[in-house]
Structures are given as C-alpha cells and as structure tokens.
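Visitor: One file: data-v2.cif (mmCIF, C-alpha atoms).
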```cif
data_my_file
#
loop_
_atom_site.label_atom_id
_atom_site.label_comp_id
_atom_site.auth_asym_id
_atom_site.auth_seq_id
_atom_site.Cartn_x
_atom_site.Cartn_y
_atom_site.Cartn_z
CA MET A 13 -12.10 -69.49 80.12
CA ASN A 14 -10.79 -72.40 82.24
CA PHE A 15 -7.04 -71.96 82.74
CA CYS A 16 -4.66 -69.09 83.53
CA SER A 17 -2.95 -67.94 80.32
CA GLN A 18 0.09 -66.92 82.41
CA CYS A 19 0.70 -70.12 84.42
CA ALA A 20 -1.91 -72.74 83.27
CA THR A 21 -3.51 -73.10 86.74
CA THR A 22 -7.28 -73.76 86.85
CA LEU A 23 -9.05 -70.40 87.25
CA ARG A 24 -11.59 -69.45 89.89
CA VAL A 25 -14.53 -67.15 89.30
CA GLU A 26 -14.67 -64.66 92.18
CA ILE A 27 -14.90 -60.96 93.03
CA PRO A 28 -11.35 -59.66 93.50
CA SER A 29 -10.55 -57.41 96.48
CA GLY A 30 -11.55 -53.81 95.68
CA ASP A 31 -13.71 -54.89 92.73
CA ASN A 32 -17.48 -55.37 92.50
CA ARG A 33 -17.74 -57.92 89.67
CA GLN A 34 -16.98 -61.57 89.22
CA ARG A 35 -13.73 -62.12 87.30
CA HIS A 36 -11.63 -65.07 86.27
CA VAL A 37 -8.84 -65.05 88.86
CA CYS A 38 -5.75 -67.27 89.10
CA PRO A 39 -5.31 -68.69 92.63
CA SER A 40 -1.66 -69.40 91.89
CA CYS A 41 -0.12 -66.31 90.23
CA GLY A 42 -2.93 -63.88 91.12
CA ALA A 43 -3.57 -62.73 87.52
CA ILE A 44 -7.06 -61.30 86.94
CA HIS A 45 -8.32 -62.07 83.44
CA TYR A 46 -10.66 -59.20 82.56
CA GLN A 47 -13.07 -59.50 79.65
CA ASN A 48 -14.19 -56.29 77.96
CA PRO A 49 -16.28 -55.28 74.94
CA LYS A 50 -14.72 -55.14 71.49
CA MET A 51 -14.97 -52.40 68.90
CA VAL A 52 -16.11 -53.08 65.34
CA VAL A 53 -14.86 -50.28 63.08
CA GLY A 54 -16.03 -49.58 59.55
CA CYS A 55 -17.17 -46.89 57.14
CA ILE A 56 -19.67 -45.75 54.54
CA PRO A 57 -17.46 -45.26 51.44
CA GLU A 58 -19.10 -42.55 49.29
CA TRP A 59 -18.67 -42.02 45.54
CA GLU A 60 -20.92 -39.28 44.13
CA ASP A 61 -24.47 -40.39 45.10
CA LYS A 62 -23.44 -44.01 45.68
CA ILE A 63 -21.98 -46.01 48.53
CA LEU A 64 -19.85 -49.16 48.55
CA LEU A 65 -21.21 -52.36 50.06
CA CYS A 66 -19.60 -55.80 50.36
CA ARG A 67 -21.30 -59.19 50.14
CA ARG A 68 -20.01 -61.52 52.83
CA ALA A 69 -18.02 -64.63 51.86
CA ILE A 70 -17.85 -65.84 55.47
CA GLU A 71 -20.18 -66.78 58.27
CA PRO A 72 -22.08 -65.38 60.00
CA LYS A 73 -24.44 -64.02 57.35
CA TYR A 74 -22.73 -65.57 54.31
CA GLY A 75 -24.04 -64.03 51.09
CA LEU A 76 -25.62 -60.96 52.71
CA TRP A 77 -24.57 -57.33 52.26
CA THR A 78 -22.81 -55.03 54.70
CA LEU A 79 -20.50 -52.06 54.97
CA PRO A 80 -16.78 -52.79 55.16
CA ALA A 81 -16.16 -53.27 58.90
CA GLY A 82 -14.43 -55.58 61.33
CA PHE A 83 -12.79 -55.89 64.72
CA MET A 84 -10.41 -53.07 65.61
CA GLU A 85 -6.85 -54.36 66.13
CA ASN A 86 -4.25 -53.40 68.71
CA GLY A 87 -1.85 -50.67 67.55
CA GLU A 88 -4.25 -48.68 65.39
CA THR A 89 -6.61 -45.73 65.76
CA THR A 90 -10.35 -46.18 65.17
CA ALA A 91 -10.05 -44.43 61.78
CA GLU A 92 -7.02 -46.51 60.78
CA GLY A 93 -8.92 -49.67 61.67
CA ALA A 94 -11.91 -48.62 59.55
CA ALA A 95 -9.59 -47.83 56.61
CA ARG A 96 -7.76 -51.16 56.98
CA GLU A 97 -11.02 -53.12 56.98
CA THR A 98 -12.16 -51.27 53.85
CA LEU A 99 -8.91 -52.15 52.10
CA GLU A 100 -9.07 -55.80 53.22
CA GLU A 101 -12.72 -56.42 52.42
CA ALA A 102 -13.26 -54.22 49.36
CA GLY A 103 -9.74 -53.46 48.07
CA ALA A 104 -10.70 -49.80 48.41
CA ARG A 105 -8.72 -46.85 49.71
CA VAL A 106 -10.78 -44.23 51.53
CA GLU A 107 -10.35 -40.90 53.30
CA MET A 108 -12.24 -40.68 56.59
CA LEU A 109 -14.74 -37.80 56.85
CA GLY A 110 -15.62 -38.23 60.53
CA LEU A 111 -17.42 -40.59 62.87
CA TYR A 112 -21.05 -41.05 61.85
CA SER A 113 -22.51 -43.58 64.27
CA MET A 114 -21.71 -45.36 67.51
CA ILE A 115 -24.00 -48.27 68.34
CA SER A 116 -23.64 -50.35 71.50
CA LEU A 117 -24.62 -54.02 71.44
CA PRO A 118 -24.38 -54.83 75.14
CA ASP A 119 -25.73 -58.38 74.84
CA ILE A 120 -22.89 -59.42 72.55
CA ASN A 121 -20.25 -57.10 74.08
CA GLN A 122 -19.57 -55.04 70.98
CA VAL A 123 -19.59 -51.35 70.02
CA TYR A 124 -19.90 -50.44 66.32
CA LEU A 125 -18.12 -47.27 65.18
CA VAL A 126 -18.97 -46.29 61.60
CA PHE A 127 -17.31 -43.36 59.80
CA ARG A 128 -18.38 -41.54 56.68
CA ALA A 129 -15.58 -41.82 54.13
CA LYS A 130 -14.63 -40.64 50.66
CA LEU A 131 -13.87 -43.46 48.23
CA LEU A 132 -10.64 -42.49 46.45
CA HIS A 133 -10.72 -44.69 43.33
CA LEU A 134 -13.02 -46.97 41.34
CA ASP A 135 -10.70 -49.93 40.74
CA PHE A 136 -11.62 -51.57 44.03
CA ALA A 137 -11.84 -55.36 44.20
CA HIS A 138 -13.29 -57.56 46.91
CA GLY A 139 -10.96 -59.37 49.31
CA GLU A 140 -11.08 -62.96 50.56
CA GLU A 141 -13.83 -62.29 53.08
CA SER A 142 -16.20 -60.85 50.45
CA LEU A 143 -17.96 -62.37 47.43
CA GLU A 144 -18.26 -58.99 45.75
CA ALA A 145 -17.96 -55.25 46.38
CA ARG A 146 -20.32 -52.91 44.54
CA LEU A 147 -21.54 -49.33 44.45
CA PHE A 148 -25.23 -48.78 45.19
CA SER A 149 -27.48 -45.76 44.78
CA GLU A 150 -30.11 -45.33 47.48
CA ALA A 151 -32.78 -46.95 45.26
CA GLU A 152 -30.55 -49.99 44.71
CA ILE A 153 -29.67 -50.75 48.37
CA PRO A 154 -30.55 -54.41 49.06
CA TRP A 155 -32.48 -53.68 52.27
CA GLU A 156 -33.91 -57.22 52.41
CA ASP A 157 -30.46 -58.79 52.21
CA MET A 158 -28.53 -56.79 54.80
CA ALA A 159 -26.33 -58.86 57.12
CA PHE A 160 -26.51 -56.79 60.32
CA ARG A 161 -29.12 -54.65 62.08
CA THR A 162 -26.41 -52.19 63.17
CA ILE A 163 -25.49 -51.51 59.56
CA GLN A 164 -29.11 -51.35 58.40
CA HIS A 165 -29.89 -48.92 61.23
CA THR A 166 -26.86 -46.76 60.36
CA LEU A 167 -27.79 -46.63 56.66
CA GLU A 168 -31.42 -45.76 57.41
CA ARG A 169 -30.18 -42.76 59.43
CA TYR A 170 -27.65 -41.91 56.74
CA TYR A 171 -30.29 -41.65 53.99
CA SER A 172 -32.64 -39.80 56.32
CA ASP A 173 -29.86 -37.30 57.07
CA ARG A 174 -28.94 -37.00 53.41
CA LYS A 175 -32.41 -35.63 52.61
CA THR A 176 -31.75 -32.77 55.04
CA GLY A 177 -28.21 -32.16 53.77
CA VAL A 178 -26.79 -32.37 57.30
CA TYR A 179 -25.09 -35.51 58.56
CA GLY A 180 -25.38 -35.60 62.34
CA PHE A 181 -23.64 -37.99 64.68
CA HIS A 182 -25.80 -40.85 65.91
CA GLU A 183 -25.61 -42.84 69.11
CA GLY A 184 -27.73 -45.90 69.58
CA GLN A 185 -28.02 -49.32 71.10
CA ILE A 186 -29.45 -52.59 69.93
CA PHE A 187 -30.53 -55.22 72.45
CA HIS A 188 -30.64 -58.93 71.68
CA LYS A 189 -32.39 -59.82 74.95
CA PRO A 190 -35.30 -58.08 76.71
CA ARG A 191 -34.30 -55.64 79.46
CA MET B 19 0.04 -64.97 77.15
CA ASN B 20 1.67 -68.40 77.48
CA PHE B 21 -1.05 -71.05 77.82
CA CYS B 22 -4.42 -71.78 76.22
CA SER B 23 -7.21 -70.59 78.52
CA GLN B 24 -9.43 -73.38 77.13
CA CYS B 25 -7.14 -76.40 77.49
CA ALA B 26 -3.87 -75.22 79.19
CA THR B 27 -1.62 -76.22 76.24
CA THR B 28 1.42 -74.02 75.55
CA LEU B 29 0.44 -71.47 72.88
CA ARG B 30 2.22 -70.76 69.61
CA VAL B 31 2.49 -67.36 68.01
CA GLU B 32 1.65 -67.70 64.32
CA ILE B 33 -0.50 -66.30 61.52
CA PRO B 34 -3.69 -68.39 61.34
CA SER B 35 -4.96 -69.55 57.96
CA GLY B 36 -6.97 -66.74 56.29
CA ASP B 37 -5.52 -64.12 58.65
CA ASN B 38 -2.69 -61.62 58.13
CA ARG B 39 -1.52 -61.04 61.71
CA GLN B 40 0.33 -63.02 64.30
CA ARG B 41 -2.01 -64.42 66.96
CA HIS B 42 -1.70 -66.66 69.98
CA VAL B 43 -2.93 -70.01 68.67
CA CYS B 44 -3.46 -73.30 70.53
CA PRO B 45 -1.88 -76.24 68.67
CA SER B 46 -4.07 -78.68 70.61
CA CYS B 47 -7.66 -77.33 70.58
CA GLY B 48 -7.18 -74.77 67.78
CA ALA B 49 -8.46 -71.78 69.80
CA ILE B 50 -7.22 -68.40 68.54
CA HIS B 51 -6.74 -65.94 71.40
CA TYR B 52 -7.31 -62.50 69.86
CA GLN B 53 -6.24 -59.35 71.69
CA ASN B 54 -8.13 -56.15 70.93
CA PRO B 55 -8.19 -52.55 72.18
CA LYS B 56 -10.26 -51.62 75.21
CA MET B 57 -12.64 -48.73 75.66
CA VAL B 58 -12.34 -46.26 78.52
CA VAL B 59 -15.71 -44.55 79.06
CA GLY B 60 -16.31 -41.44 81.11
CA CYS B 61 -18.02 -38.07 81.20
CA ILE B 62 -17.80 -34.37 81.95
CA PRO B 63 -20.44 -33.90 84.68
CA GLU B 64 -21.74 -30.32 84.42
CA TRP B 65 -23.39 -28.27 87.17
CA GLU B 66 -24.10 -24.67 86.15
CA ASP B 67 -20.68 -23.29 85.09
CA LYS B 68 -18.73 -25.98 86.93
CA ILE B 69 -17.61 -29.53 86.19
CA LEU B 70 -16.91 -32.45 88.51
CA LEU B 71 -13.38 -33.85 88.77
CA CYS B 72 -12.03 -36.72 90.87
CA ARG B 73 -8.61 -36.99 92.52
CA ARG B 74 -7.19 -40.47 92.06
CA ALA B 75 -6.66 -42.72 95.09
CA ILE B 76 -5.00 -45.43 92.97
CA GLU B 77 -2.01 -45.83 90.70
CA PRO B 78 -1.23 -44.85 88.06
CA LYS B 79 -1.28 -41.11 88.74
CA TYR B 80 -2.18 -41.30 92.44
CA GLY B 81 -3.19 -37.87 93.77
CA LEU B 82 -3.79 -36.28 90.35
CA TRP B 83 -7.11 -35.07 88.94
CA THR B 84 -9.25 -36.58 86.20
CA LEU B 85 -12.79 -36.95 84.92
CA PRO B 86 -14.75 -39.96 86.17
CA ALA B 87 -13.86 -42.69 83.65
CA GLY B 88 -12.82 -46.32 83.50
CA PHE B 89 -12.82 -49.49 81.44
CA MET B 90 -16.13 -50.32 79.80
CA GLU B 91 -17.53 -53.64 81.05
CA ASN B 92 -19.29 -56.43 79.18
CA GLY B 93 -23.09 -56.17 79.18
CA GLU B 94 -23.40 -52.38 79.13
CA THR B 95 -23.72 -49.60 76.56
CA THR B 96 -21.03 -46.91 76.30
CA ALA B 97 -23.32 -44.40 78.05
CA GLU B 98 -24.22 -46.89 80.79
CA GLY B 99 -20.52 -47.54 81.38
CA ALA B 100 -19.78 -43.82 81.67
CA ALA B 101 -22.66 -43.39 84.14
CA ARG B 102 -21.51 -46.40 86.20
CA GLU B 103 -17.96 -45.06 86.44
CA THR B 104 -19.29 -41.68 87.56
CA LEU B 105 -21.34 -43.33 90.28
CA GLU B 106 -18.43 -45.54 91.41
CA GLU B 107 -15.74 -42.86 91.43
CA ALA B 108 -17.69 -39.77 92.44
CA GLY B 109 -20.93 -41.10 93.95
CA ALA B 110 -22.71 -38.94 91.40
CA ARG B 111 -25.73 -39.67 89.23
CA VAL B 112 -25.65 -38.07 85.80
CA GLU B 113 -27.77 -37.83 82.66
CA MET B 114 -25.77 -38.25 79.45
CA LEU B 115 -25.99 -35.36 76.97
CA GLY B 116 -24.12 -37.02 74.08
CA LEU B 117 -20.66 -38.20 73.10
CA TYR B 118 -18.16 -35.34 73.20
CA SER B 119 -14.79 -36.87 72.33
CA MET B 120 -13.26 -40.07 71.02
CA ILE B 121 -9.49 -40.31 71.40
CA SER B 122 -7.48 -43.31 70.18
CA LEU B 123 -4.32 -44.29 72.04
CA PRO B 124 -2.95 -46.91 69.63
CA ASP B 125 0.32 -47.46 71.50
CA ILE B 126 -1.50 -48.61 74.64
CA ASN B 127 -4.48 -50.20 72.82
CA GLN B 128 -7.17 -47.97 74.28
CA VAL B 129 -9.94 -45.71 72.97
CA TYR B 130 -11.33 -43.00 75.27
CA LEU B 131 -15.01 -42.11 74.86
CA VAL B 132 -16.04 -39.05 76.89
CA PHE B 133 -19.64 -37.82 77.10
CA ARG B 134 -20.99 -34.49 78.24
CA ALA B 135 -23.36 -35.11 81.14
CA LYS B 136 -25.74 -33.26 83.45
CA LEU B 137 -24.94 -33.74 87.13
CA LEU B 138 -28.27 -34.51 88.86
CA HIS B 139 -27.52 -33.71 92.52
CA LEU B 140 -24.92 -32.08 94.73
CA ASP B 141 -24.62 -34.69 97.50
CA PHE B 142 -22.00 -36.67 95.59
CA ALA B 143 -19.23 -38.38 97.52
CA HIS B 144 -16.02 -39.92 96.23
CA GLY B 145 -15.73 -43.71 96.00
CA GLU B 146 -12.86 -45.99 97.00
CA GLU B 147 -10.78 -45.21 93.92
CA SER B 148 -10.86 -41.43 94.54
CA LEU B 149 -9.41 -39.23 97.30
CA GLU B 150 -11.97 -36.50 96.63
CA ALA B 151 -14.57 -35.35 94.12
CA ARG B 152 -15.06 -31.62 93.63
CA LEU B 153 -16.71 -29.06 91.38
CA PHE B 154 -14.38 -26.69 89.52
CA SER B 155 -15.03 -23.53 87.55
CA GLU B 156 -12.82 -23.04 84.49
CA ALA B 157 -10.49 -20.72 86.44
CA GLU B 158 -10.06 -23.34 89.16
CA ILE B 159 -9.18 -26.36 86.93
CA PRO B 160 -5.88 -27.84 88.24
CA TRP B 161 -4.23 -27.98 84.79
CA GLU B 162 -0.81 -28.73 86.29
CA ASP B 163 -2.12 -31.69 88.25
CA MET B 164 -4.12 -33.54 85.61
CA ALA B 165 -3.58 -37.32 85.53
CA PHE B 166 -4.04 -38.04 81.81
CA ARG B 167 -3.29 -36.26 78.53
CA THR B 168 -6.52 -37.57 77.01
CA ILE B 169 -8.58 -35.86 79.70
CA GLN B 170 -6.52 -32.65 79.57
CA HIS B 171 -6.92 -32.57 75.77
CA THR B 172 -10.68 -33.16 76.05
CA LEU B 173 -11.11 -30.39 78.63
CA GLU B 174 -9.07 -27.92 76.60
CA ARG B 175 -11.41 -28.51 73.66
CA TYR B 176 -14.40 -28.33 75.97
CA TYR B 177 -13.53 -24.86 77.27
CA SER B 178 -12.59 -23.70 73.79
CA ASP B 179 -16.01 -24.88 72.52
CA ARG B 180 -17.79 -23.28 75.46
CA LYS B 181 -16.58 -19.86 74.40
CA THR B 182 -18.35 -20.33 71.06
CA GLY B 183 -21.50 -21.77 72.66
CA VAL B 184 -21.39 -24.82 70.38
CA TYR B 185 -20.06 -28.16 71.60
CA GLY B 186 -18.81 -30.12 68.60
CA PHE B 187 -17.75 -33.74 68.57
CA HIS B 188 -14.00 -34.26 68.65
CA GLU B 189 -11.92 -37.12 67.31
CA GLY B 190 -8.27 -37.35 68.09
CA GLN B 191 -5.32 -39.59 68.76
CA ILE B 192 -2.41 -39.46 71.15
CA PHE B 193 0.78 -41.35 70.35
CA HIS B 194 3.19 -42.56 73.01
CA LYS B 195 5.87 -43.61 70.48
CA PRO B 196 7.12 -41.79 67.37
CA ARG B 197 5.47 -42.88 64.11
#
```
Step by step, read the file and then write its structure as structure tokens.
Guide:
Amino acid sequence: MNFCSQCATTLRVEIPSGDNRQRHVCPSCGAIHYQNPKMVVGCIPEWEDKILLCRRAIEPKYGLWTLPAGFMENGETTAEGAARETLEEAGARVEMLGLYSMISLPDINQVYLVFRAKLLHLDFAHGEESLEARLFSEAEIPWEDMAFRTIQHTLERYYSDRKTGVYGFHEGQIFHKPR
Amino acid sequence: MNFCSQCATTLRVEIPSGDNRQRHVCPSCGAIHYQNPKMVVGCIPEWEDKILLCRRAIEPKYGLWTLPAGFMENGETTAEGAARETLEEAGARVEMLGLYSMISLPDINQVYLVFRAKLLHLDFAHGEESLEARLFSEAEIPWEDMAFRTIQHTLERYYSDRKTGVYGFHEGQIFHKPR
C-alpha cells in the first residue's frame, strides 16, 4: 500500500493519535487505511452418508480437493456467503444446518467459518473454479490430496464427531510461523 | 475509493475477467482492490452472577453501554482479538470460554463474534475509549441505554440461556435496510 486511495498522496506508516498500532495514514487528506482479516466462508454439503468436495481449477493448490468455500463478500450474511460459494464452485444448492467450525489463521489474516449443510439435489455441476465436484463417503475421502489444512482439520473433527452422533462446534487456530 | 493504492492511477469500476461482481480495478498495474466484511470481536466477561459492561467515550453512541468489543486486527486469532479489546476498553484480563454468538450485519459489512469469558480480576479500569467499566447483575443491566442492537440481542439470548443453565451457540443477522 503506497498511495492514498482517496487522494493519491504518498502514504506514511505511523501510529495515529489515540491508536496503538502502525497504520497507513494520508498526510494530505488524513484518511487512515486500516487493514483487517478476511473471512472465508464455506460448508460441508451432506447427502446421506456422503459429502460434496470440489477439485480446484485455480491456484493455489490447483488439482487438489477442498470443501466449497471462498471469501465472504460485502452485503451478505456468513450463511449466505457459504451458500453462494457452494453454488458458484459446485453448482449445488444447500440448506445451512449451523456453524460447525471457526478456525483463525493469524499469520495470513484469515478466519475460516465452515457450516454443516444439507445438499438439496444431485444434479450439481462444478463451476469455473473447479475441475470437478463429487460426493465422497468417509472411506473415499482423498486425505492425501486435500488443498488446505483448515479443511482437512475440519473434516477430521467432522468424522470424529459423526462416530459419537453429536456434532459440536469447533474453534481452532493454525499458525504458519512459530510463536 | 478513487485511486490505486499501488500506483496512484485513477481506478475503474468493472467486473474483472473470471469474476461476477464489480470491483475497483487499476487499468495501469492491474491490481484488483477487493472490499470485504470486517469482524468485530468481543466478549461477555463474567464474574459470579455479574457481567462487565463499558460506557463508550467515543462516537458513535457516546455515553451508551456495550460489551468490550472492536475490530479484529491482522495477526491475531478471534479469541486473541476479543481479549485485546477487553484489555484496551476495560483494563480487564479474561479467559475465553468459547464463542457464544455470531451475528451478521450485511448492510454495514460487519460480522460480530462474541465469546463468553471469565473475568480474572476485579481491579479493572476503563481505557481511553470508555467513560467507565462496571459489573452489572441481570436486574441492573441498562437495557434502555445500550449502544448496539447486536450486543442487546446477544445479552437477551445470554440471560434467556442462563435460566436454562445451558449456553448454546447463537447465529443471527440484523438488517438495516428492508430485504
């Protein structure tokens, strides 16, 4: 971030009055350009004893499997965002069953929010960002070809919970750098 | 958003290739300036049968009461952000007990994440952004002087849950415009 998006002046990095963190501040118009974490919203679409996974057609992690998920957009709720991503990536309509996991990734400034969801039809079809969308039983899950640790972690908890018959809510964090 | 923060060129609003939404795009360096919702993280600090509220010393809602909460920062987990806000606004150290509510506010592009928390000491002291920090029993809660609907909604559910002895996890949304 080099220039003010309001007035194009070269930004300074400094601690604004009344703040305690360095921000990008415009010395001309005074705008403070905050940077905050982003939410990734997605779901586990369930159909009988199977769940729907997508194989990525884009980088990062081209060719690997994941749950339908993506960046939450302005103007939507978390559940609406998860449903939109599922429609875009897997051509699948779902009904949200509740938030299942929240995983913070502080080193890349993201928070994953994954819902359990009921898949509403079988004529789904992958979107442009996926190579394929497919239902998997637990025995068929491609654990060695999962795109993201957050999703792998969420699915490990999901199958562990399923054995007990009770799906809890799981909070976690994944660090990319030592603390 | 008028100018590219990378190269100061005047931005265009257009749908990038492979996207389906209008974005601020730089015609010179090609940067796409996404805008996404922000998380507000906070907690309900509990001490015996009381909870800790703060009275706001800043706008909006100067002089009204709320839970310690604020925008999540880069480089922290959701729970760390909630603990930091509690320390900054109420001078109070807390131990998080788990996520209690997630409320989407799609019309202002925010998601509130409120934890239940154990207050660890009584020598708290309000920070610069608060006029005072005080413990309230349920009968003392200043319902008519609450700053935010999200917090009021969360506390109503909290006291309703407390009667049953079981604190669930609550998802909700608050709209500022008709849908």
Visitor: Taking the file as shown, what set of residues would the PyMOL selection byres ((chain B and resi 131) around 6) give back, as a list in words?
Guide: Val59, Ser119, Met120, Tyr130 and Val132 of chain B
Visitor: Once chain B sits on chain A after a least-squares Cα superposition, all atoms in order, what's the RMSD?
Guide: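 The RMSD between chain B and chain A over C-alpha atoms is 0.0 Å.
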Visitor: I'd like to see the residues matched by the PyMOL selection byres ((chain B and resi 142) around 6) on this file, and ideally I'd get them as a list in words.
Guide: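 Applying the PyMOL selection byres ((chain B and resi 142) around 6) to the structure shown produces Gly109, Ala110, Leu140, Asp141 and Ala143 of chain B.
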Visitor: Would you mind exporting C-alpha atoms of the selected residues as a PDB file, in the frame of the given file?
Guide:
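Output contents, as saved in again.pdb:
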```pdb
ATOM      1  CA  GLY B 109     -20.930 -41.100  93.950  1.00  0.00           C
ATOM      2  CA  ALA B 110     -22.710 -38.940  91.400  1.00  0.00           C
ATOM      3  CA  LEU B 140     -24.920 -32.080  94.730  1.00  0.00           C
ATOM      4  CA  ASP B 141     -24.620 -34.690  97.500  1.00  0.00           C
ATOM      5  CA  ALA B 143     -19.230 -38.380  97.520  1.00  0.00           C
TER       6      ALA B 143
END
```
Visitor: How far is it from atom CA of B:Val31 to atom CA of B:Pro124, in Å with one decimal?
Guide: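 Atom CA of B:Pro124 lies 21.2 Å from atom CA of B:Val31.
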Visitor: Enumerate, as a list of chain:residue names, the residues matched when the PyMOL selection byres ((chain A and resi 31) around 12) is run on the file above.
Guide: A:Glu26, A:Ile27, A:Pro28, A:Ser29, A:Gly30, A:Asn32, A:Arg33, A:Gln34, A:Arg35, A:Val37, A:Ile44, A:Tyr46, B:Glu106, B:Gly145, B:Glu146, B:Glu147
Visitor: Quote the spacing between atom CA of A:Leu99 and atom CA of A:Leu117 in Å to one decimal place.
Guide: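 We find that atom CA of A:Leu99 and atom CA of A:Leu117 lie 25.0 Å from each other.
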Visitor: Is there a way to get, as a list in words, all residues within 10 Å of the point (-12.0, -41.2, 54.7) in file coordinates, counting all atoms listed in the file?
Guide: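 The distance filter leaves exactly Cys55, Ile56, Pro57, Glu58, Ala91, Glu92, Ala94, Ala95, Arg105, Val106, Glu107, Met108, Leu109, Gly110, Leu111, Phe127, Arg128, Ala129, Lys130, Leu131 and Leu132 of chain A.
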Visitor: Env of A:Gly184: 7 Å cut, atoms = only C-alpha atoms, seq-sep filter 2 positions within chain, self excluded. Answer as an mmCIF file with C-alpha atoms, keeping the file's coordinate frame.
Guide:
```cif
data_model
loop_
_atom_site.group_PDB
_atom_site.id
_atom_site.type_symbol
_atom_site.label_atom_id
_atom_site.label_comp_id
_atom_site.auth_asym_id
_atom_site.auth_seq_id
_atom_site.Cartn_x
_atom_site.Cartn_y
_atom_site.Cartn_z
ATOM 1 C CA MET A 114 -21.710 -45.360 67.510
ATOM 2 C CA ILE A 115 -24.000 -48.270 68.340
ATOM 3 C CA SER A 116 -23.640 -50.350 71.500
ATOM 4 C CA HIS A 182 -25.800 -40.850 65.910
ATOM 5 C CA ILE A 186 -29.450 -52.590 69.930
#
```
Visitor: To one decimal place, how far is atom CA of B:Phe89 from atom CA of A:Asn48 in Å?
Guide: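 Separation of atom CA of B:Phe89 and atom CA of A:Asn48: 7.8 Å.
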Visitor: Give me, as a PyMOL selection string, the contact residues of chain A against chain B at a cut-off of 6 Å, counting all atoms listed in the file.
Guide: chain A and resi 13-18+20+48-49+85-89+116+118-119+121
Visitor: Would you list the contacts of stretch 83-85 of chain B as a PyMOL selection string, taking every protein, DNA or RNA residue within 10 Å and counting all atoms listed in the file, but skipping same-chain residues closer than 5 positions in sequence?
Guide: chain B and resi 60-63+69-75+103-104+107-108+132+148-152+159-170+172-173
Visitor: For B:Asp67, please output as a PyMOL selection string all residues within 12 Å (counting all atoms listed in the file; exclusion window: fewer than 6 positions along the same chain).
Guide: chain B and resi 136-137+153-158+177+180-181
